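Q: A single structure is presented below for examination.
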Number of protein chains: 2
Amino acid sequence: MSHKVRIALDAMGGDHGASVIVAGAELSLARHPDSEFAIFGDEALIAPLLAARPKLAAVTRLVHTDVAIKMDDKPSQALRYGRVKSSMAKAIDAVKKGEADVAISAGNTGALMAMSRFNLKTMAGIDRPAIAALWPTLRGESIVLDVGASIGADAMHLVDLAVMGSAMARVLFDIERPTVGLLNIGVEEVKGLEEVREAGQILRERDLPDLAYHGFVEGDDIGKGTVDVVVTEGFAGNIALKSAEGTARQIGQYLRSAMSRTLSARIGYFFARQAFRTLREKMDPRRSNGGVFLGLNGIVIKSHGGADAEGFAAAIDLGYDMVRYELLAKISRALGEIQRGTPDSPAAAPQLPATEDSVSEASASLISTTQAIGGAVS
Amino acid sequence: MSHKVRIALDAMGGDHGASVIVAGAELSLARHPDSEFAIFGDEALIAPLLAARPKLAAVTRLVHTDVAIKMDDKPSQALRYGRVKSSMAKAIDAVKKGEADVAISAGNTGALMAMSRFNLKTMAGIDRPAIAALWPTLRGESIVLDVGASIGADAMHLVDLAVMGSAMARVLFDIERPTVGLLNIGVEEVKGLEEVREAGQILRERDLPDLAYHGFVEGDDIGKGTVDVVVTEGFAGNIALKSAEGTARQIGQYLRSAMSRTLSARIGYFFARQAFRTLREKMDPRRSNGGVFLGLNGIVIKSHGGADAEGFAAAIDLGYDMVRYELLAKISRALGEIQRGTPDSPAAAPQLPATEDSVSEASASLISTTQAIGGAVS
């Protein structure tokens, strides 16, 4: 791929609004000069921000939109008023029309998933999209999916998650055959959910060329980096992600309070401040910002709603990598591999109707799979 | 209750064997002089350990057993060879016969749950036992259940978990009306699993005297201490527990490595070493050692398999508190409250047959609920 990486940004999402989005784009552009941007949102807000950044302005098309999706609307509400005219919808639509390679938003996760699904549709053979998160580990980073796009998964959906997650690992980590583990409780073959066992059996028997199936992993294996890709359904994945985040914050708070309690501790902190800085950087959630929506006919990245400019830039960088290293082509090829082996797999799963008239029906059916999202990445 | 707290110990479980169990009993006895012990295991190993501890020996009955349950046997295997003669079975049997008030083992979790269930049976109205864990939080400690006794839960089982967990919170935290949250993804009423929503509705409508229903909580609320009791089914609960443990270990390792990398950091560590000690104590898993089996006609505590003497003593202390402050009576009364309101609840759920002949049948049916355990607390 030699053309520029074309990035559509929803400038009206997130807790801090357009200023963070535009500043993030500037940071990411400095790292990837072959990017260009389409920024969707309130022109009156964004134009001055761009004017102050001539380099960014030179590669950016600004598209005015009147409608912004609110952070706490339900997906169905957001679809109703924003599925066509909102900055979020327009950014996704740019991907659909082939005018952009990736859409990135720090907005309402549920709405973003509902709208992405409504506009882009799921890939052939995939009936439900997933959200993949980057997880810092003792060995580097791993990919964990699904962290909250939908609740529950049968064995074939878990296998699809394994295939999509390992395609993403090949893009990001540049390894030929990423290792994949199924999240379970207990590591013996006999344990855990029926569907997880069945998925393990399928992955073991198929022995796919694009991933190395490791077996079951437990919650504490994620942070160890036991495998490159951890696969689970969205409820457990979200609980794992949030529990880990909560623990990290908890320990950070213990540490701050311990380091300020006595004079001696404060002196120690002074000498070790560089070490603490290193630690803080290692634990900095901005470094791994961005949930990747997988299983759609297009790439959509959800940035953390509270991200600052550096955090949003990390989400853009992630989107850039997904495009530059051809995530979608890799997923398609890998799905082809697995589906050739399963004549009874839902390769021709029915797509949601695309006509405007059927929106309320479609959005109703979306609710059940997207109601789960909310807290996933935001 | 004025009589002594009678504690049955399985001395043959855990990674370190009888020496840790006996030393742990000595530590706990010093804190609770009104305890007495029955220790089950290999007399040749235990008698010398007791002889060296005359105070403990004076309040201990040593019962020789020939059979020890192996740490990695499946529950069905363990039941087959150990359900009568093993040290684990004998300790549980002492509770069943009313000779002890609580049984404590650091052995194979799955086997311990299977044997506890087989011997003690579930309480009237409870069809599946649960494992409750103590979770250190920013506000103190919370109780999280189920952390792996069984997979999946309908709304009424979640309500039972809420009732049992809050009874345990009243025992441990000495609060009249503990707050209870249902673990979910996203905190809006519309989100999450159908059964979790339904359980929330029941808890809200009943407005039970023994617990204050808070609503949904997310994974990161556990560490914050948002509620006293976090309720979830065993798969998600186990994943949450293990993910948090993994994160804590991960950050500990980052910290150690950051603090030893440079001279300046090492000097800082020297000055702040007392602060680090405080932090280590806060994060010490031994402080909250012990998974409490709830829903059985008797109290059984699972100590971490890798516990040292101090850790095992913490599990004994936990068992002591459960007996001294009448956990079972509190659970029974609270279950009575909830069941009076639900004429269609399974108050007379069929019990597993107790005759020797039906063991293999019973153990087969146990497998499905106990196969999940393995990693729960060990």
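Ligands are numbered from 1 in the order shown, chains are lettered A, B, ... in the order of the structure tokens, and residues start at 1 in each chain.
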Identify all chain A residues at most 7 Å from chain B by counting only C-alpha atoms; ligands do not count. Present them as number ranges by chain.
A: A: 138, 185-186, 191-192, 218-221, 223-224, 235-236, 238-240, 242-248, 250, 254-255, 258-259, 264-265, 267-272, 275, 278-279, 371-372, 374-375
Q: Write out, as a compact mmCIF listing (two decimals), in the first residue's frame, the residues just selected, with N, CA and C atoms.
A:
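Heads up, here's the output in out31.txt:
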# COMPACT_ATOMS: atom_id res chain seq x y z
N LEU A 138 3.90 -8.00 31.35
CA LEU A 138 5.31 -8.09 31.75
C LEU A 138 6.20 -8.38 30.55
N ILE A 185 -11.44 -20.53 33.60
CA ILE A 185 -11.10 -20.64 35.01
C ILE A 185 -10.59 -22.05 35.22
N GLY A 186 -9.33 -22.13 35.69
CA GLY A 186 -8.67 -23.43 35.71
C GLY A 186 -8.10 -23.71 34.33
N LYS A 191 -12.06 -28.28 32.50
CA LYS A 191 -12.73 -27.22 33.21
C LYS A 191 -13.44 -26.21 32.32
N GLY A 192 -14.26 -25.41 32.93
CA GLY A 192 -14.80 -24.23 32.30
C GLY A 192 -16.04 -24.44 31.49
N GLU A 218 -5.72 -18.23 32.44
CA GLU A 218 -6.54 -17.68 33.51
C GLU A 218 -6.33 -16.18 33.61
N GLY A 219 -7.13 -15.54 34.45
CA GLY A 219 -7.07 -14.08 34.56
C GLY A 219 -5.67 -13.54 34.83
N ASP A 220 -4.89 -14.26 35.64
CA ASP A 220 -3.56 -13.73 35.96
C ASP A 220 -2.55 -13.95 34.84
N ASP A 221 -2.92 -14.76 33.85
CA ASP A 221 -2.01 -14.93 32.71
C ASP A 221 -2.00 -13.70 31.81
N GLY A 223 -1.78 -10.41 32.51
CA GLY A 223 -0.70 -9.50 32.88
C GLY A 223 0.69 -10.12 32.73
N LYS A 224 0.77 -11.43 32.85
CA LYS A 224 2.05 -12.11 32.64
C LYS A 224 2.48 -12.07 31.18
N PHE A 235 -18.60 -10.06 28.28
CA PHE A 235 -18.90 -9.79 29.70
C PHE A 235 -17.66 -10.03 30.55
N ALA A 236 -17.09 -11.24 30.44
CA ALA A 236 -15.90 -11.57 31.23
C ALA A 236 -14.73 -10.68 30.83
N ASN A 238 -14.79 -7.59 29.73
CA ASN A 238 -14.96 -6.26 30.30
C ASN A 238 -14.66 -6.26 31.80
N ILE A 239 -15.13 -7.31 32.47
CA ILE A 239 -14.88 -7.43 33.92
C ILE A 239 -13.38 -7.55 34.18
N ALA A 240 -12.70 -8.35 33.34
CA ALA A 240 -11.25 -8.50 33.51
C ALA A 240 -10.55 -7.15 33.34
N LYS A 242 -11.73 -4.06 33.55
CA LYS A 242 -12.05 -3.07 34.57
C LYS A 242 -11.45 -3.46 35.92
N SER A 243 -11.42 -4.74 36.23
CA SER A 243 -10.82 -5.17 37.51
C SER A 243 -9.33 -4.85 37.52
N ALA A 244 -8.68 -5.09 36.39
CA ALA A 244 -7.25 -4.79 36.31
C ALA A 244 -7.01 -3.29 36.42
N GLU A 245 -7.81 -2.50 35.73
CA GLU A 245 -7.67 -1.04 35.82
C GLU A 245 -7.87 -0.56 37.25
N GLY A 246 -8.89 -1.12 37.89
CA GLY A 246 -9.18 -0.74 39.27
C GLY A 246 -8.02 -1.07 40.20
N THR A 247 -7.43 -2.25 39.99
CA THR A 247 -6.31 -2.66 40.83
C THR A 247 -5.10 -1.76 40.61
N ALA A 248 -4.86 -1.41 39.35
CA ALA A 248 -3.72 -0.54 39.06
C ALA A 248 -3.90 0.82 39.74
N GLN A 250 -5.72 1.43 42.35
CA GLN A 250 -5.66 1.19 43.80
C GLN A 250 -4.21 1.17 44.29
N TYR A 254 -2.15 3.63 46.86
CA TYR A 254 -1.38 3.15 48.02
C TYR A 254 0.03 3.73 47.97
N LEU A 255 0.61 3.67 46.77
CA LEU A 255 2.01 4.06 46.59
C LEU A 255 2.17 5.55 46.88
N ALA A 258 1.86 6.10 50.57
CA ALA A 258 3.02 5.60 51.31
C ALA A 258 4.22 6.52 51.13
N MET A 259 4.39 7.08 49.94
CA MET A 259 5.57 7.88 49.63
C MET A 259 5.50 9.31 50.19
N SER A 264 11.27 10.61 55.67
CA SER A 264 12.20 9.66 55.07
C SER A 264 11.66 9.13 53.74
N ALA A 265 10.37 8.86 53.69
CA ALA A 265 9.77 8.38 52.44
C ALA A 265 9.84 9.46 51.38
N ILE A 267 12.11 11.81 51.16
CA ILE A 267 13.50 11.87 50.68
C ILE A 267 13.75 10.73 49.69
N GLY A 268 13.28 9.56 50.07
CA GLY A 268 13.43 8.40 49.18
C GLY A 268 12.78 8.66 47.84
N TYR A 269 11.61 9.27 47.90
CA TYR A 269 10.89 9.55 46.65
C TYR A 269 11.71 10.48 45.78
N PHE A 270 12.36 11.47 46.44
CA PHE A 270 13.16 12.43 45.69
C PHE A 270 14.27 11.72 44.91
N PHE A 271 14.99 10.82 45.60
CA PHE A 271 16.08 10.12 44.93
C PHE A 271 15.57 9.17 43.84
N ALA A 272 14.43 8.59 44.09
CA ALA A 272 13.93 7.56 43.16
C ALA A 272 12.95 8.15 42.15
N ALA A 275 12.92 6.74 38.74
CA ALA A 275 12.38 5.38 38.71
C ALA A 275 10.85 5.42 38.75
N THR A 278 9.57 6.30 35.37
CA THR A 278 9.57 5.13 34.49
C THR A 278 8.35 4.25 34.77
N LEU A 279 8.11 4.05 36.07
CA LEU A 279 6.98 3.22 36.47
C LEU A 279 5.68 3.84 35.97
N GLN A 371 -25.99 -2.91 23.88
CA GLN A 371 -26.31 -2.39 25.21
C GLN A 371 -25.19 -2.72 26.19
N ALA A 372 -24.44 -3.72 25.83
CA ALA A 372 -23.39 -4.19 26.72
C ALA A 372 -22.20 -3.26 26.75
N GLY A 374 -21.28 0.31 26.58
CA GLY A 374 -21.11 1.41 27.53
C GLY A 374 -19.74 1.55 28.14
N GLY A 375 -19.49 0.78 29.17
CA GLY A 375 -18.25 0.95 29.89
C GLY A 375 -17.03 0.37 29.22
Q: Apply DSSP to the structure's backbone, then extract all residues of region 182-290 of chain A labelled alpha helix (DSSP H) and return them as a PyMOL selection string.
A: chain A and resi 194-206+219-224+234-260+263-271+273-283
Q: Pull C-alpha atoms from the residues just selected and write them as a PDB file, in the first residue's frame.
A:
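Listing of selection20.pdb after writing:
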ATOM      1  CA  GLU A 194     -18.760 -25.881  27.384  1.00  0.00           C
ATOM      2  CA  GLU A 195     -18.375 -23.340  24.574  1.00  0.00           C
ATOM      3  CA  VAL A 196     -14.845 -22.453  25.668  1.00  0.00           C
ATOM      4  CA  ARG A 197     -13.880 -26.125  25.698  1.00  0.00           C
ATOM      5  CA  GLU A 198     -15.413 -26.603  22.284  1.00  0.00           C
ATOM      6  CA  ALA A 199     -13.617 -23.564  20.861  1.00  0.00           C
ATOM      7  CA  GLY A 200     -10.367 -24.952  22.260  1.00  0.00           C
ATOM      8  CA  GLN A 201     -10.988 -28.229  20.520  1.00  0.00           C
ATOM      9  CA  ILE A 202     -11.679 -26.527  17.192  1.00  0.00           C
ATOM     10  CA  LEU A 203      -8.563 -24.354  17.434  1.00  0.00           C
ATOM     11  CA  ARG A 204      -6.436 -27.336  18.365  1.00  0.00           C
ATOM     12  CA  GLU A 205      -7.755 -29.534  15.583  1.00  0.00           C
ATOM     13  CA  ARG A 206      -7.632 -26.917  12.840  1.00  0.00           C
ATOM     14  CA  GLY A 219      -7.073 -14.085  34.565  1.00  0.00           C
ATOM     15  CA  ASP A 220      -3.563 -13.725  35.958  1.00  0.00           C
ATOM     16  CA  ASP A 221      -2.014 -14.931  32.711  1.00  0.00           C
ATOM     17  CA  ILE A 222      -3.102 -11.734  30.954  1.00  0.00           C
ATOM     18  CA  GLY A 223      -0.696  -9.498  32.884  1.00  0.00           C
ATOM     19  CA  LYS A 224       2.052 -12.111  32.644  1.00  0.00           C
ATOM     20  CA  GLY A 234     -17.502  -9.534  26.187  1.00  0.00           C
ATOM     21  CA  PHE A 235     -18.900  -9.788  29.697  1.00  0.00           C
ATOM     22  CA  ALA A 236     -15.901 -11.571  31.227  1.00  0.00           C
ATOM     23  CA  GLY A 237     -13.518  -9.522  29.060  1.00  0.00           C
ATOM     24  CA  ASN A 238     -14.955  -6.258  30.302  1.00  0.00           C
ATOM     25  CA  ILE A 239     -14.884  -7.429  33.916  1.00  0.00           C
ATOM     26  CA  ALA A 240     -11.247  -8.502  33.509  1.00  0.00           C
ATOM     27  CA  LEU A 241     -10.268  -5.162  31.971  1.00  0.00           C
ATOM     28  CA  LYS A 242     -12.053  -3.074  34.571  1.00  0.00           C
ATOM     29  CA  SER A 243     -10.821  -5.170  37.509  1.00  0.00           C
ATOM     30  CA  ALA A 244      -7.249  -4.792  36.310  1.00  0.00           C
ATOM     31  CA  GLU A 245      -7.674  -1.036  35.816  1.00  0.00           C
ATOM     32  CA  GLY A 246      -9.180  -0.736  39.270  1.00  0.00           C
ATOM     33  CA  THR A 247      -6.310  -2.661  40.831  1.00  0.00           C
ATOM     34  CA  ALA A 248      -3.722  -0.540  39.059  1.00  0.00           C
ATOM     35  CA  ARG A 249      -5.351   2.651  40.317  1.00  0.00           C
ATOM     36  CA  GLN A 250      -5.664   1.190  43.796  1.00  0.00           C
ATOM     37  CA  ILE A 251      -1.969   0.332  44.006  1.00  0.00           C
ATOM     38  CA  GLY A 252      -1.041   3.712  42.545  1.00  0.00           C
ATOM     39  CA  GLN A 253      -2.974   5.355  45.332  1.00  0.00           C
ATOM     40  CA  TYR A 254      -1.379   3.147  48.020  1.00  0.00           C
ATOM     41  CA  LEU A 255       2.006   4.060  46.595  1.00  0.00           C
ATOM     42  CA  ARG A 256       1.364   7.807  46.539  1.00  0.00           C
ATOM     43  CA  SER A 257       0.109   7.747  50.070  1.00  0.00           C
ATOM     44  CA  ALA A 258       3.016   5.595  51.313  1.00  0.00           C
ATOM     45  CA  MET A 259       5.573   7.885  49.628  1.00  0.00           C
ATOM     46  CA  SER A 260       4.263  11.060  51.218  1.00  0.00           C
ATOM     47  CA  LEU A 263      10.016  12.659  55.762  1.00  0.00           C
ATOM     48  CA  SER A 264      12.202   9.656  55.074  1.00  0.00           C
ATOM     49  CA  ALA A 265       9.772   8.380  52.445  1.00  0.00           C
ATOM     50  CA  ARG A 266       9.702  11.806  50.824  1.00  0.00           C
ATOM     51  CA  ILE A 267      13.501  11.869  50.678  1.00  0.00           C
ATOM     52  CA  GLY A 268      13.431   8.403  49.184  1.00  0.00           C
ATOM     53  CA  TYR A 269      10.887   9.549  46.649  1.00  0.00           C
ATOM     54  CA  PHE A 270      13.160  12.432  45.693  1.00  0.00           C
ATOM     55  CA  PHE A 271      16.083  10.122  44.925  1.00  0.00           C
ATOM     56  CA  ARG A 273      11.814  10.059  41.244  1.00  0.00           C
ATOM     57  CA  GLN A 274      13.226   8.997  37.890  1.00  0.00           C
ATOM     58  CA  ALA A 275      12.378   5.379  38.708  1.00  0.00           C
ATOM     59  CA  PHE A 276       8.864   6.439  39.636  1.00  0.00           C
ATOM     60  CA  ARG A 277       8.608   8.306  36.357  1.00  0.00           C
ATOM     61  CA  THR A 278       9.572   5.132  34.490  1.00  0.00           C
ATOM     62  CA  LEU A 279       6.982   3.222  36.468  1.00  0.00           C
ATOM     63  CA  ARG A 280       4.338   5.832  35.756  1.00  0.00           C
ATOM     64  CA  GLU A 281       5.112   5.639  32.054  1.00  0.00           C
ATOM     65  CA  LYS A 282       4.845   1.877  32.110  1.00  0.00           C
ATOM     66  CA  MET A 283       1.462   2.147  33.764  1.00  0.00           C
TER      67      MET A 283
END
Q: What is the distance between CA of Ala313 (chain B) and CA of Gly24 (chain B), in Å to one decimal?
A: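 Separating CA of Ala313 (chain B) from CA of Gly24 (chain B) is a distance of 4.3 Å.
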Q: List the spatial neighbours of Ala57 (chain A) as a ChimeraX atom specification - criterion: any atom at most 10 Å away, only C-alpha atoms, same-chain residues fewer than 3 positions off excluded.
A: /A:22,26,36-37,47,49-54,60-62
Q: Can you work out the spacing between CA of Val231 (chain A) and CA of Val323 (chain A) in Å, to one decimal?
A: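 According to the coordinates, CA of Val231 (chain A) and CA of Val323 (chain A) are separated by 22.5 Å.
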Q: Nearest residue to Val159 (chain A) out of A:Tyr325, A:Leu211, A:Met115, A:Lys121, using only C-alpha atoms?
A: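 Among the listed residues, the smallest separation from Val159 (chain A) belongs to A:Leu211.
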Q: Measuring between only C-alpha atoms, which one of A:His16, A:Lys85, A:Arg128, A:Lys330 shows the shortest distance to Ala309 (chain A)?
A: A:His16
Q: Ranking B:Pro129, B:Gly306, B:Gly140, B:Pro48 by minimum distance to Ala153 (chain B) and counting only C-alpha atoms, which one comes first?
A: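 Smallest distance to Ala153 (chain B) is found for B:Pro129.
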Q: As a PyMOL selection string, which residues of region 143-342 of chain A does DSSP assign to strand (DSSP E)?
A: chain A and resi 143-145+179-183+212-217+229-231+291-294+299-302
Q: Can you tell me which residues surround Ser35 (chain B) at a distance of at most 9 Å, considering only C-alpha atoms, apart from same-chain residues fewer than 5 positions away, and format the answer as a ChimeraX atom specification?
A: /B:4-7,28-29,59,320
Q: Given the selection you just returned, output its residues as a file containing N, CA and C atoms, formatted as an mmCIF file, in the first residue's frame.
A:
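Now in selection_21.cif:
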data_model
loop_
_atom_site.group_PDB
_atom_site.id
_atom_site.type_symbol
_atom_site.label_atom_id
_atom_site.label_comp_id
_atom_site.auth_asym_id
_atom_site.auth_seq_id
_atom_site.Cartn_x
_atom_site.Cartn_y
_atom_site.Cartn_z
ATOM 1 N N LYS B 4 -16.199 -23.009 73.384
ATOM 2 C CA LYS B 4 -14.990 -22.768 72.596
ATOM 3 C C LYS B 4 -15.296 -22.892 71.107
ATOM 4 N N VAL B 5 -14.472 -22.260 70.297
ATOM 5 C CA VAL B 5 -14.595 -22.422 68.848
ATOM 6 C C VAL B 5 -13.754 -23.632 68.452
ATOM 7 N N ARG B 6 -14.453 -24.635 67.927
ATOM 8 C CA ARG B 6 -13.799 -25.914 67.633
ATOM 9 C C ARG B 6 -13.463 -25.995 66.147
ATOM 10 N N ILE B 7 -12.172 -26.094 65.867
ATOM 11 C CA ILE B 7 -11.682 -25.946 64.493
ATOM 12 C C ILE B 7 -11.052 -27.243 64.010
ATOM 13 N N SER B 28 -2.661 -18.663 65.344
ATOM 14 C CA SER B 28 -4.054 -18.251 65.519
ATOM 15 C C SER B 28 -4.512 -18.450 66.964
ATOM 16 N N LEU B 29 -4.047 -19.531 67.576
ATOM 17 C CA LEU B 29 -4.425 -19.804 68.971
ATOM 18 C C LEU B 29 -3.970 -18.663 69.891
ATOM 19 N N VAL B 59 -4.690 -28.134 73.537
ATOM 20 C CA VAL B 59 -6.074 -27.918 73.096
ATOM 21 C C VAL B 59 -6.355 -28.614 71.767
ATOM 22 N N TYR B 320 -12.586 -18.704 62.540
ATOM 23 C CA TYR B 320 -12.955 -18.383 63.929
ATOM 24 C C TYR B 320 -14.058 -17.328 63.958
#
Q: Quick one: pull the distance between CA of Arg177 (chain A) and CA of Ala314 (chain A), Å, one decimal.
A: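 Atom-to-atom, CA of Arg177 (chain A) and CA of Ala314 (chain A) are spaced 25.0 Å apart.
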Q: Hey, what's within 12 Å of Asp73 (chain B) if we count only C-alpha atoms and toss same-chain stuff fewer than 2 positions away? As a PyMOL selection string, please?
A: (chain A and resi 188+190) or (chain B and resi 68-71+75-82+107-112+114+371+374)
Q: May I have the residues from that selection written out with N, CA and C atoms, as a PDB file, in the first residue's frame?
A:
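This is the output file selection-v3.pdb:
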ATOM      1  N   GLU A 188      -7.023 -26.886  33.275  1.00  0.00           N
ATOM      2  CA  GLU A 188      -7.154 -28.246  32.761  1.00  0.00           C
ATOM      3  C   GLU A 188      -8.243 -28.311  31.698  1.00  0.00           C
ATOM      4  N   VAL A 190     -10.585 -30.176  31.247  1.00  0.00           N
ATOM      5  CA  VAL A 190     -11.930 -30.554  31.656  1.00  0.00           C
ATOM      6  C   VAL A 190     -12.746 -29.375  32.178  1.00  0.00           C
TER       7      VAL A 190
ATOM      8  N   ALA B  68      -4.385 -38.992  51.843  1.00  0.00           N
ATOM      9  CA  ALA B  68      -4.298 -37.542  51.608  1.00  0.00           C
ATOM     10  C   ALA B  68      -4.746 -37.259  50.178  1.00  0.00           C
ATOM     11  N   ILE B  69      -5.543 -36.211  50.014  1.00  0.00           N
ATOM     12  CA  ILE B  69      -6.014 -35.836  48.677  1.00  0.00           C
ATOM     13  C   ILE B  69      -4.891 -35.109  47.940  1.00  0.00           C
ATOM     14  N   LYS B  70      -4.636 -35.538  46.717  1.00  0.00           N
ATOM     15  CA  LYS B  70      -3.575 -34.893  45.938  1.00  0.00           C
ATOM     16  C   LYS B  70      -4.071 -33.543  45.401  1.00  0.00           C
ATOM     17  N   MET B  71      -3.134 -32.601  45.241  1.00  0.00           N
ATOM     18  CA  MET B  71      -3.502 -31.239  44.867  1.00  0.00           C
ATOM     19  C   MET B  71      -4.101 -31.150  43.469  1.00  0.00           C
ATOM     20  N   PRO B  75     -12.044 -33.467  41.115  1.00  0.00           N
ATOM     21  CA  PRO B  75     -12.954 -33.696  42.243  1.00  0.00           C
ATOM     22  C   PRO B  75     -13.535 -35.107  42.245  1.00  0.00           C
ATOM     23  N   SER B  76     -13.888 -35.629  41.064  1.00  0.00           N
ATOM     24  CA  SER B  76     -14.494 -36.962  41.014  1.00  0.00           C
ATOM     25  C   SER B  76     -13.508 -38.028  41.483  1.00  0.00           C
ATOM     26  N   GLN B  77     -12.244 -37.899  41.064  1.00  0.00           N
ATOM     27  CA  GLN B  77     -11.210 -38.837  41.517  1.00  0.00           C
ATOM     28  C   GLN B  77     -11.046 -38.762  43.031  1.00  0.00           C
ATOM     29  N   ALA B  78     -10.959 -37.531  43.519  1.00  0.00           N
ATOM     30  CA  ALA B  78     -10.741 -37.330  44.959  1.00  0.00           C
ATOM     31  C   ALA B  78     -11.882 -37.945  45.757  1.00  0.00           C
ATOM     32  N   LEU B  79     -13.108 -37.750  45.276  1.00  0.00           N
ATOM     33  CA  LEU B  79     -14.258 -38.330  45.962  1.00  0.00           C
ATOM     34  C   LEU B  79     -14.160 -39.840  45.976  1.00  0.00           C
ATOM     35  N   ARG B  80     -13.714 -40.401  44.873  1.00  0.00           N
ATOM     36  CA  ARG B  80     -13.695 -41.852  44.744  1.00  0.00           C
ATOM     37  C   ARG B  80     -12.791 -42.493  45.798  1.00  0.00           C
ATOM     38  N   TYR B  81     -11.570 -41.952  45.929  1.00  0.00           N
ATOM     39  CA  TYR B  81     -10.649 -42.620  46.865  1.00  0.00           C
ATOM     40  C   TYR B  81     -10.619 -41.971  48.236  1.00  0.00           C
ATOM     41  N   GLY B  82     -11.160 -40.721  48.344  1.00  0.00           N
ATOM     42  CA  GLY B  82     -10.926 -40.023  49.604  1.00  0.00           C
ATOM     43  C   GLY B  82     -12.154 -39.555  50.349  1.00  0.00           C
ATOM     44  N   GLY B 107      -5.957 -27.602  50.875  1.00  0.00           N
ATOM     45  CA  GLY B 107      -5.848 -28.603  49.813  1.00  0.00           C
ATOM     46  C   GLY B 107      -6.580 -28.224  48.532  1.00  0.00           C
ATOM     47  N   ASN B 108      -6.632 -29.195  47.651  1.00  0.00           N
ATOM     48  CA  ASN B 108      -7.293 -29.135  46.341  1.00  0.00           C
ATOM     49  C   ASN B 108      -8.710 -28.527  46.442  1.00  0.00           C
ATOM     50  N   THR B 109      -8.880 -27.345  45.845  1.00  0.00           N
ATOM     51  CA  THR B 109     -10.143 -26.612  45.990  1.00  0.00           C
ATOM     52  C   THR B 109     -11.351 -27.382  45.460  1.00  0.00           C
ATOM     53  N   GLY B 110     -11.185 -27.953  44.272  1.00  0.00           N
ATOM     54  CA  GLY B 110     -12.299 -28.678  43.667  1.00  0.00           C
ATOM     55  C   GLY B 110     -12.720 -29.857  44.525  1.00  0.00           C
ATOM     56  N   ALA B 111     -11.725 -30.586  45.032  1.00  0.00           N
ATOM     57  CA  ALA B 111     -12.023 -31.735  45.885  1.00  0.00           C
ATOM     58  C   ALA B 111     -12.674 -31.285  47.184  1.00  0.00           C
ATOM     59  N   LEU B 112     -12.183 -30.183  47.737  1.00  0.00           N
ATOM     60  CA  LEU B 112     -12.722 -29.687  49.001  1.00  0.00           C
ATOM     61  C   LEU B 112     -14.185 -29.277  48.826  1.00  0.00           C
ATOM     62  N   ALA B 114     -16.262 -30.377  46.428  1.00  0.00           N
ATOM     63  CA  ALA B 114     -17.055 -31.572  46.138  1.00  0.00           C
ATOM     64  C   ALA B 114     -17.337 -32.345  47.424  1.00  0.00           C
ATOM     65  N   GLN B 371     -16.290 -28.651  38.700  1.00  0.00           N
ATOM     66  CA  GLN B 371     -15.183 -28.682  37.752  1.00  0.00           C
ATOM     67  C   GLN B 371     -14.617 -27.277  37.549  1.00  0.00           C
ATOM     68  N   GLY B 374     -11.179 -25.497  40.672  1.00  0.00           N
ATOM     69  CA  GLY B 374      -9.728 -25.561  40.519  1.00  0.00           C
ATOM     70  C   GLY B 374      -8.983 -24.301  40.897  1.00  0.00           C
TER      71      GLY B 374
END
Q: Using only C-alpha atoms, pick whichever of A:Leu161, A:Ile316, A:Ile143, A:Ile126 has the shortest atom-to-atom distance to Phe173 (chain A).
A: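 The closest residue to Phe173 (chain A) is A:Ile143.
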Q: Show which residues sit within 12 Å of Gly98 (chain A), as a ChimeraX atom specification. Count only C-alpha atoms, and ignore same-chain residues fewer than 4 positions away.
A: /A:5-8,91-94,102-103,120,297-299
Q: Only C-alpha atoms, please: the residues just picked out, written as a compact mmCIF listing (two decimals), in the first residue's frame.
A:
# COMPACT_ATOMS: atom_id res chain seq x y z
CA VAL A 5 -3.37 6.77 5.31
CA ARG A 6 -6.66 8.65 5.35
CA ILE A 7 -8.03 9.14 8.85
CA ALA A 8 -11.56 10.33 9.66
CA ALA A 91 -16.73 9.91 10.13
CA ILE A 92 -17.90 6.31 9.83
CA ASP A 93 -19.63 7.08 6.56
CA ALA A 94 -16.34 8.35 5.13
CA VAL A 102 -10.22 4.41 9.42
CA ALA A 103 -12.61 6.34 11.67
CA LEU A 120 -20.37 -0.70 7.83
CA ASN A 297 -16.26 -3.88 6.87
CA GLY A 298 -14.03 -1.02 7.90
CA ILE A 299 -11.77 -0.02 10.75
